[in-house]
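The next block is input38.cif, given as mmCIF, C-alpha atoms.
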```
data_structure
loop_
_atom_site.label_atom_id
_atom_site.label_comp_id
_atom_site.auth_asym_id
_atom_site.auth_seq_id
_atom_site.Cartn_x
_atom_site.Cartn_y
_atom_site.Cartn_z
CA MET A 742 46.21 -35.36 -54.60
CA GLN A 743 45.84 -34.64 -58.28
CA ALA A 744 43.80 -31.71 -59.59
CA LEU A 745 41.14 -33.97 -61.12
CA ASP A 746 40.49 -35.64 -57.77
CA LEU A 747 40.36 -32.32 -55.92
CA ASP A 748 37.85 -31.06 -58.46
CA VAL A 749 35.69 -34.16 -58.07
CA ARG A 750 36.02 -34.05 -54.29
CA ASN A 751 34.98 -30.40 -54.10
CA ALA A 752 32.06 -30.96 -56.47
CA THR A 753 30.96 -33.95 -54.40
CA TYR A 754 30.85 -31.86 -51.24
CA GLU A 755 29.20 -28.94 -53.02
CA ARG A 756 26.50 -31.20 -54.41
CA PHE A 757 26.02 -32.93 -51.05
CA VAL A 758 25.27 -29.61 -49.36
CA ALA A 759 23.18 -28.27 -52.23
CA LEU A 760 21.05 -31.41 -52.48
CA GLY A 761 20.93 -32.24 -48.77
CA ARG A 762 21.92 -35.82 -49.57
CA ALA A 763 24.77 -37.74 -51.13
CA PRO A 764 25.12 -37.06 -54.84
CA THR A 765 25.28 -39.84 -57.38
CA ILE A 766 28.17 -40.40 -59.75
CA ARG A 767 26.01 -39.02 -62.52
CA GLU A 768 25.30 -35.82 -60.60
CA VAL A 769 28.98 -35.24 -59.86
CA ALA A 770 29.85 -36.03 -63.47
CA ALA A 771 27.37 -33.40 -64.63
CA ALA A 772 28.77 -30.86 -62.15
CA THR A 773 32.36 -31.39 -63.24
CA GLY A 774 31.87 -31.99 -66.96
CA ARG A 775 33.49 -35.40 -66.68
CA ASP A 776 32.15 -38.82 -67.49
CA GLY A 777 30.94 -41.26 -64.89
CA ASP A 778 33.93 -43.57 -65.18
CA ALA A 779 36.29 -40.68 -64.39
CA VAL A 780 34.24 -39.71 -61.33
CA ARG A 781 34.08 -43.35 -60.20
CA ALA A 782 37.86 -43.68 -60.49
CA SER A 783 38.33 -40.41 -58.60
CA TRP A 784 36.00 -41.51 -55.83
CA ARG A 785 38.02 -44.71 -55.42
CA ARG A 786 41.27 -42.75 -55.16
CA LEU A 787 39.65 -40.30 -52.73
CA HIS A 788 38.41 -43.25 -50.66
CA ASP A 789 41.95 -44.65 -50.54
CA ALA A 790 43.21 -41.20 -49.49
CA HIS A 791 40.57 -41.00 -46.71
CA ALA A 792 39.05 -37.90 -48.35
CA LEU A 793 35.63 -39.60 -48.51
CA VAL A 794 34.29 -43.08 -47.80
CA LEU A 795 32.54 -45.47 -50.19
CA SER A 796 30.26 -48.24 -49.00
CA PRO A 797 32.17 -51.53 -49.05
CA GLY A 798 32.13 -53.22 -52.43
CA THR A 799 30.20 -50.40 -54.11
CA ASP A 800 30.74 -47.08 -55.84
CA GLU A 801 28.22 -45.35 -53.56
CA LEU A 802 29.12 -42.68 -51.04
CA ARG A 803 28.90 -43.70 -47.39
CA MET A 804 30.55 -40.62 -45.89
CA ALA A 805 31.63 -37.21 -47.04
CA ASN A 806 32.89 -36.54 -43.56
CA PRO A 807 31.41 -35.11 -41.42
CA PHE A 808 28.23 -35.82 -43.41
CA SER A 809 26.80 -39.32 -43.60
CA ALA A 810 25.09 -40.56 -46.72
CA VAL A 811 23.04 -43.04 -44.69
CA PRO A 812 20.80 -42.60 -41.65
CA THR A 813 22.64 -42.70 -38.34
CA ALA A 814 21.95 -42.06 -34.66
CA TYR A 815 23.24 -38.49 -35.05
CA ARG A 816 20.85 -36.02 -36.67
CA VAL A 817 21.74 -32.38 -37.08
CA HIS A 818 19.41 -29.54 -37.99
CA ALA A 819 21.32 -26.69 -39.61
CA ARG A 820 20.67 -24.30 -42.47
CA GLU A 821 16.98 -25.24 -42.33
CA ARG A 822 17.68 -28.88 -43.15
CA TRP A 823 18.24 -32.16 -41.34
CA TRP A 824 21.54 -33.95 -41.89
CA TYR A 825 22.97 -37.23 -40.70
CA ALA A 826 26.44 -37.24 -39.15
CA ASN A 827 28.70 -40.25 -38.80
CA CYS A 828 29.26 -39.90 -35.07
CA ALA A 829 29.13 -37.37 -32.23
CA TRP A 830 32.33 -35.67 -33.38
CA ASP A 831 30.93 -35.34 -36.88
CA ALA A 832 27.60 -34.06 -35.58
CA PHE A 833 29.35 -30.98 -34.25
CA GLY A 834 31.38 -31.09 -37.44
CA VAL A 835 28.28 -30.58 -39.58
CA CYS A 836 27.71 -27.23 -37.84
CA ALA A 837 31.41 -26.45 -38.22
CA ALA A 838 31.55 -27.33 -41.92
CA LEU A 839 28.40 -25.36 -42.67
CA HIS A 840 29.53 -22.47 -40.45
CA ALA A 841 26.05 -22.51 -39.02
CA ASP A 842 24.28 -22.83 -35.73
CA GLY A 843 22.46 -26.10 -35.31
CA ARG A 844 20.66 -28.63 -33.18
CA ILE A 845 22.06 -32.11 -32.60
CA GLU A 846 19.70 -34.91 -31.67
CA THR A 847 20.76 -38.37 -30.60
CA SER A 848 20.33 -40.71 -27.65
CA CYS A 849 22.58 -42.06 -24.93
CA PRO A 850 23.93 -45.40 -26.23
CA ASP A 851 23.70 -46.81 -22.72
CA CYS A 852 20.16 -45.98 -21.65
CA GLY A 853 18.49 -44.65 -24.78
CA GLU A 854 17.59 -41.31 -23.20
CA PRO A 855 17.06 -38.72 -25.96
CA LEU A 856 19.77 -36.05 -26.00
CA ALA A 857 19.64 -32.68 -27.72
CA ILE A 858 22.29 -30.00 -27.94
CA GLU A 859 22.01 -26.57 -29.49
CA VAL A 860 25.19 -25.17 -31.04
CA ARG A 861 25.29 -21.38 -31.15
CA ASP A 862 28.28 -19.38 -32.33
CA GLY A 863 30.45 -22.48 -32.14
CA ARG A 864 29.51 -23.35 -28.56
CA PRO A 865 27.20 -26.05 -27.19
CA ASP A 866 24.38 -24.99 -24.90
CA ARG A 867 25.16 -27.77 -22.46
CA GLU A 868 28.46 -29.09 -21.26
CA ASP A 869 27.27 -31.95 -19.08
CA LEU A 870 27.35 -34.53 -21.85
CA LEU A 871 30.45 -36.63 -22.41
CA PHE A 872 32.04 -37.82 -25.62
CA HIS A 873 33.65 -41.23 -25.51
CA CYS A 874 36.04 -42.38 -28.22
CA LEU A 875 36.61 -46.11 -28.02
CA VAL A 876 39.24 -46.55 -30.73
CA PRO A 877 42.70 -44.96 -30.44
CA ALA A 878 43.66 -42.41 -33.10
CA ALA A 879 46.25 -44.73 -34.59
CA ARG A 880 43.46 -47.15 -35.58
CA TRP A 881 40.65 -44.80 -36.61
CA TRP A 882 40.96 -45.63 -40.29
CA GLU A 883 41.36 -49.40 -39.86
CA ASP A 884 37.55 -49.54 -39.84
CA ILE A 885 36.21 -46.01 -40.10
CA VAL A 886 32.57 -47.09 -40.01
CA PHE A 887 33.11 -48.85 -36.66
CA THR A 888 35.24 -45.98 -35.36
CA MET B 1070 32.41 -42.03 -31.05
CA ASN B 1071 29.32 -41.40 -28.98
CA LEU B 1072 27.73 -38.93 -26.61
CA PHE B 1073 26.73 -40.11 -23.14
CA ARG B 1074 24.81 -38.65 -20.24
CA SER B 1075 27.62 -39.21 -17.73
CA GLU B 1076 30.69 -41.25 -16.80
CA GLU B 1077 28.38 -43.79 -15.22
CA HIS B 1078 26.64 -44.35 -18.55
CA VAL B 1079 29.98 -44.63 -20.37
CA ALA B 1080 31.17 -47.27 -17.92
CA ARG B 1081 27.95 -49.27 -18.14
CA TRP B 1082 28.01 -49.14 -21.94
CA LEU B 1083 31.63 -50.28 -22.03
CA GLY B 1084 31.01 -53.31 -19.83
CA ASP B 1085 34.18 -55.43 -19.93
CA ARG B 1086 35.74 -53.52 -22.81
CA PRO B 1087 38.73 -51.31 -22.06
CA PRO B 1088 37.83 -47.61 -22.04
CA GLY B 1089 39.06 -45.27 -24.73
CA ALA B 1090 39.13 -41.54 -24.07
CA THR B 1091 36.39 -39.31 -22.67
CA ILE B 1092 36.12 -35.54 -23.12
CA GLY B 1093 33.40 -32.99 -22.47
CA ALA B 1094 30.97 -31.67 -25.04
CA ALA B 1095 32.53 -28.21 -25.06
CA LEU B 1096 35.96 -29.57 -25.98
CA LEU B 1097 34.41 -31.89 -28.56
CA CYS B 1098 32.67 -28.91 -30.14
CA GLU B 1099 35.94 -27.01 -30.24
CA LEU B 1100 37.70 -30.01 -31.76
CA ALA B 1101 35.00 -30.41 -34.40
CA HIS B 1102 35.26 -26.79 -35.46
CA ALA B 1103 39.05 -27.01 -35.75
CA TRP B 1104 38.88 -30.32 -37.61
CA TRP B 1105 35.94 -29.83 -39.96
CA GLY B 1106 35.69 -26.07 -40.35
CA ASP B 1107 37.54 -26.02 -43.67
CA ARG B 1108 35.72 -28.96 -45.22
CA LEU B 1109 33.56 -26.95 -47.62
CA ALA B 1110 36.17 -24.34 -48.52
CA PRO B 1111 36.65 -24.04 -52.30
CA ASP B 1112 40.42 -24.06 -51.79
CA TRP B 1113 40.35 -27.11 -49.52
CA ARG B 1114 43.45 -29.26 -49.58
CA PRO B 1115 44.11 -32.49 -47.71
CA ARG B 1116 45.57 -31.79 -44.30
CA THR B 1117 48.83 -33.49 -43.43
CA ARG B 1118 49.11 -35.95 -40.60
CA ASP B 1119 51.24 -33.43 -38.71
CA ALA B 1120 48.65 -30.69 -39.17
CA ASN B 1121 45.94 -33.00 -37.85
CA GLN B 1122 48.14 -33.95 -34.92
CA ALA B 1123 48.75 -30.27 -34.18
CA ILE B 1124 44.99 -29.74 -33.86
CA LEU B 1125 44.73 -32.54 -31.31
CA ASP B 1126 47.84 -31.40 -29.44
CA GLY B 1127 46.66 -27.80 -29.42
CA LEU B 1128 43.48 -28.80 -27.64
CA GLY B 1129 45.36 -30.80 -25.05
CA LEU B 1130 44.47 -34.14 -26.60
CA THR B 1131 47.88 -35.63 -26.05
CA GLY B 1132 49.26 -39.00 -25.05
CA PRO B 1133 49.36 -42.34 -26.85
CA PHE B 1134 45.58 -42.56 -27.35
CA TRP B 1135 45.54 -39.40 -29.47
CA ARG B 1136 48.67 -40.14 -31.55
CA LEU B 1137 47.79 -40.43 -35.22
CA PRO B 1138 49.61 -43.10 -37.21
CA LEU B 1139 52.80 -42.08 -38.92
CA PRO B 1140 52.70 -42.26 -42.72
CA ALA B 1141 53.97 -45.52 -44.14
CA SER B 1142 57.55 -45.04 -45.26
#
```
Write out the structure in this file as structure tokens.
Amino acid sequence: MQALDLDVRNATYERFVALGRAPTIREVAAATGRDGDAVRASWRRLHDAHALVLSPGTDELRMANPFSAVPTAYRVHARERWWYANCAWDAFGVCAALHADGRIETSCPDCGEPLAIEVRDGRPDREDLLFHCLVPAARWWEDIVFT
Amino acid sequence: MNLFRSEEHVARWLGDRPPGATIGAALLCELAHAWWGDRLAPDWRPRTRDANQAILDGLGLTGPFWRLPLPAS
């Protein structure tokens, strides 16, 4: 990964956390001192390298994993802010990435029962819930949004 | 990649689809911290496929289901 793309990638994540939402190309351009076309090209290379995910057919962020740029069924409260995560794994990942305690809220996909987990010092407060991964690891990136 | 109340709920949700892999919330939390803990580090670098596989293996997530694809040669 070239230095330009690392710089853009790191600025994208820094802006995401600072703003509490996905940054725009313009915001990342301002943060890195580059023009929008350079950031757009970097984002496309980073998407191809699985370092972030763009919405299909657009130059808009869909994921800066574990963070989601769009609302999902996995909400995480950490660092006094609500975040969306891409999946259950990423919901715990938001706490991990922020190095913060947090509260995960979602619902059972089967019955719709609301579920909440507190994460304290890297541990969940309940261990009865189960994580199911439908897609094998070899195919996670074939369709990362579905995965 | 979802959280469920129990195995019964996983099975009902799956219906006729073949199951994937199921692990407990504690192991998932451990996996998430190993996988995503470096994501905001200023010196972050892309992790290799082998390094990612080592995280899975180290947590006992072994077997064909958890094998990451080999890089295209």
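Among the candidate residues A:Gly834, A:Pro812, A:Gly798, A:Gly761, the one lying nearest to chain B is A:Gly834, with distances computed using all atoms listed in the file.
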TODO: Run through the PyMOL selection byres ((chain B and resi 1121) around 12) on the given coordinates and return the selected residues as a count of residues only.
DONE: 25
Open item on the list: Residues of chain B within 9 Å of chain A, counting only C-alpha atoms - could you list those as JSON, numbers by chain?
Closed with: {"B": [1070, 1071, 1072, 1073, 1074, 1075, 1076, 1078, 1079, 1080, 1081, 1082, 1083, 1087, 1088, 1089, 1090, 1091, 1092, 1093, 1094, 1095, 1096, 1097, 1098, 1099, 1100, 1101, 1102, 1103, 1104, 1105, 1106, 1107, 1108, 1109, 1110, 1111, 1112, 1113, 1114, 1115, 1133, 1134, 1135, 1136, 1137, 1138, 1139]}
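CA of Ala744 in chain A sits 15.2 Å away from CA of Arg781 in chain A.
Our summary of the geometry notes that CA of Glu821 in chain A is positioned 22.7 Å from CA of Glu768 in chain A.
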Go ahead and fit an axis-aligned box to every listed atom of range 1126-1141 of chain B plus 5 Å each side, and pass me the centre and edge lengths in Å, one decimal, as JSON.
```
{"center_x": 48.7, "center_y": -36.7, "center_z": -34.6, "size_x": 20.5, "size_y": 27.7, "size_z": 29.1}
```
- [ ] Return as an MDAnalysis selection string the set of residues that the PyMOL selection byres ((chain A and resi 817) around 7) yields on the displayed structure.
- [x] chainID A and resid 815:816 818:819 823:825 832 843:846
TODO: Excluding range 774-777 of chain A and any residue of its chain fewer than 2 positions from it, enumerate the residues within 12 Å of it, using all atoms listed in the file, and give them as a ChimeraX atom specification.
DONE: /A:745-746,748-749,752,765-772,779-784,800
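Atom to atom, CA of Ala759 in chain A and CA of Arg822 in chain A stand 10.6 Å apart.
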TODO: Rank nothing, just name the residue among A:Ala841, A:Ala810, A:Ala826, A:Ile885 nearest to Leu760 in chain A, using all atoms listed in the file.
DONE: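 Smallest distance to Leu760 in chain A is found for A:Ala810.
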Using the atoms already present, construct N, CA and C atoms for range 787-805 of chain A and hand them back as a compact mmCIF listing (two decimals), keeping the file's coordinate frame.
```txt
# COMPACT_ATOMS: atom_id res chain seq x y z
N LEU A 787 39.96 -41.13 -53.90
CA LEU A 787 39.65 -40.30 -52.73
C LEU A 787 39.34 -41.17 -51.51
N HIS A 788 38.67 -42.29 -51.75
CA HIS A 788 38.41 -43.25 -50.66
C HIS A 788 39.74 -43.76 -50.10
N ASP A 789 40.64 -44.14 -50.98
CA ASP A 789 41.95 -44.65 -50.54
C ASP A 789 42.74 -43.59 -49.79
N ALA A 790 42.50 -42.31 -50.15
CA ALA A 790 43.21 -41.20 -49.49
C ALA A 790 42.48 -40.70 -48.25
N HIS A 791 41.38 -41.38 -47.88
CA HIS A 791 40.57 -41.00 -46.71
C HIS A 791 39.94 -39.61 -46.87
N ALA A 792 39.69 -39.21 -48.10
CA ALA A 792 39.05 -37.90 -48.35
C ALA A 792 37.54 -38.05 -48.44
N LEU A 793 37.04 -39.24 -48.63
CA LEU A 793 35.63 -39.60 -48.51
C LEU A 793 35.59 -41.12 -48.32
N VAL A 794 34.40 -41.64 -48.07
CA VAL A 794 34.29 -43.08 -47.80
C VAL A 794 33.19 -43.67 -48.67
N LEU A 795 33.53 -44.74 -49.39
CA LEU A 795 32.54 -45.47 -50.19
C LEU A 795 32.03 -46.66 -49.38
N SER A 796 30.78 -47.03 -49.64
CA SER A 796 30.26 -48.24 -49.00
C SER A 796 31.05 -49.44 -49.52
N PRO A 797 31.34 -50.39 -48.64
CA PRO A 797 32.17 -51.53 -49.05
C PRO A 797 31.62 -52.23 -50.28
N GLY A 798 32.49 -52.46 -51.24
CA GLY A 798 32.13 -53.22 -52.43
C GLY A 798 31.23 -52.48 -53.40
N THR A 799 31.08 -51.17 -53.23
CA THR A 799 30.20 -50.40 -54.11
C THR A 799 30.91 -49.12 -54.55
N ASP A 800 30.26 -48.42 -55.45
CA ASP A 800 30.74 -47.08 -55.84
C ASP A 800 29.79 -46.02 -55.29
N GLU A 801 29.14 -46.30 -54.17
CA GLU A 801 28.22 -45.35 -53.56
C GLU A 801 28.87 -44.70 -52.34
N LEU A 802 28.58 -43.41 -52.18
CA LEU A 802 29.12 -42.68 -51.04
C LEU A 802 28.53 -43.20 -49.73
N ARG A 803 29.37 -43.40 -48.75
CA ARG A 803 28.90 -43.70 -47.39
C ARG A 803 29.11 -42.48 -46.49
N MET A 804 30.25 -41.81 -46.69
CA MET A 804 30.55 -40.62 -45.89
C MET A 804 31.24 -39.58 -46.77
N ALA A 805 30.83 -38.35 -46.62
CA ALA A 805 31.63 -37.21 -47.04
C ALA A 805 31.83 -36.47 -45.72
```
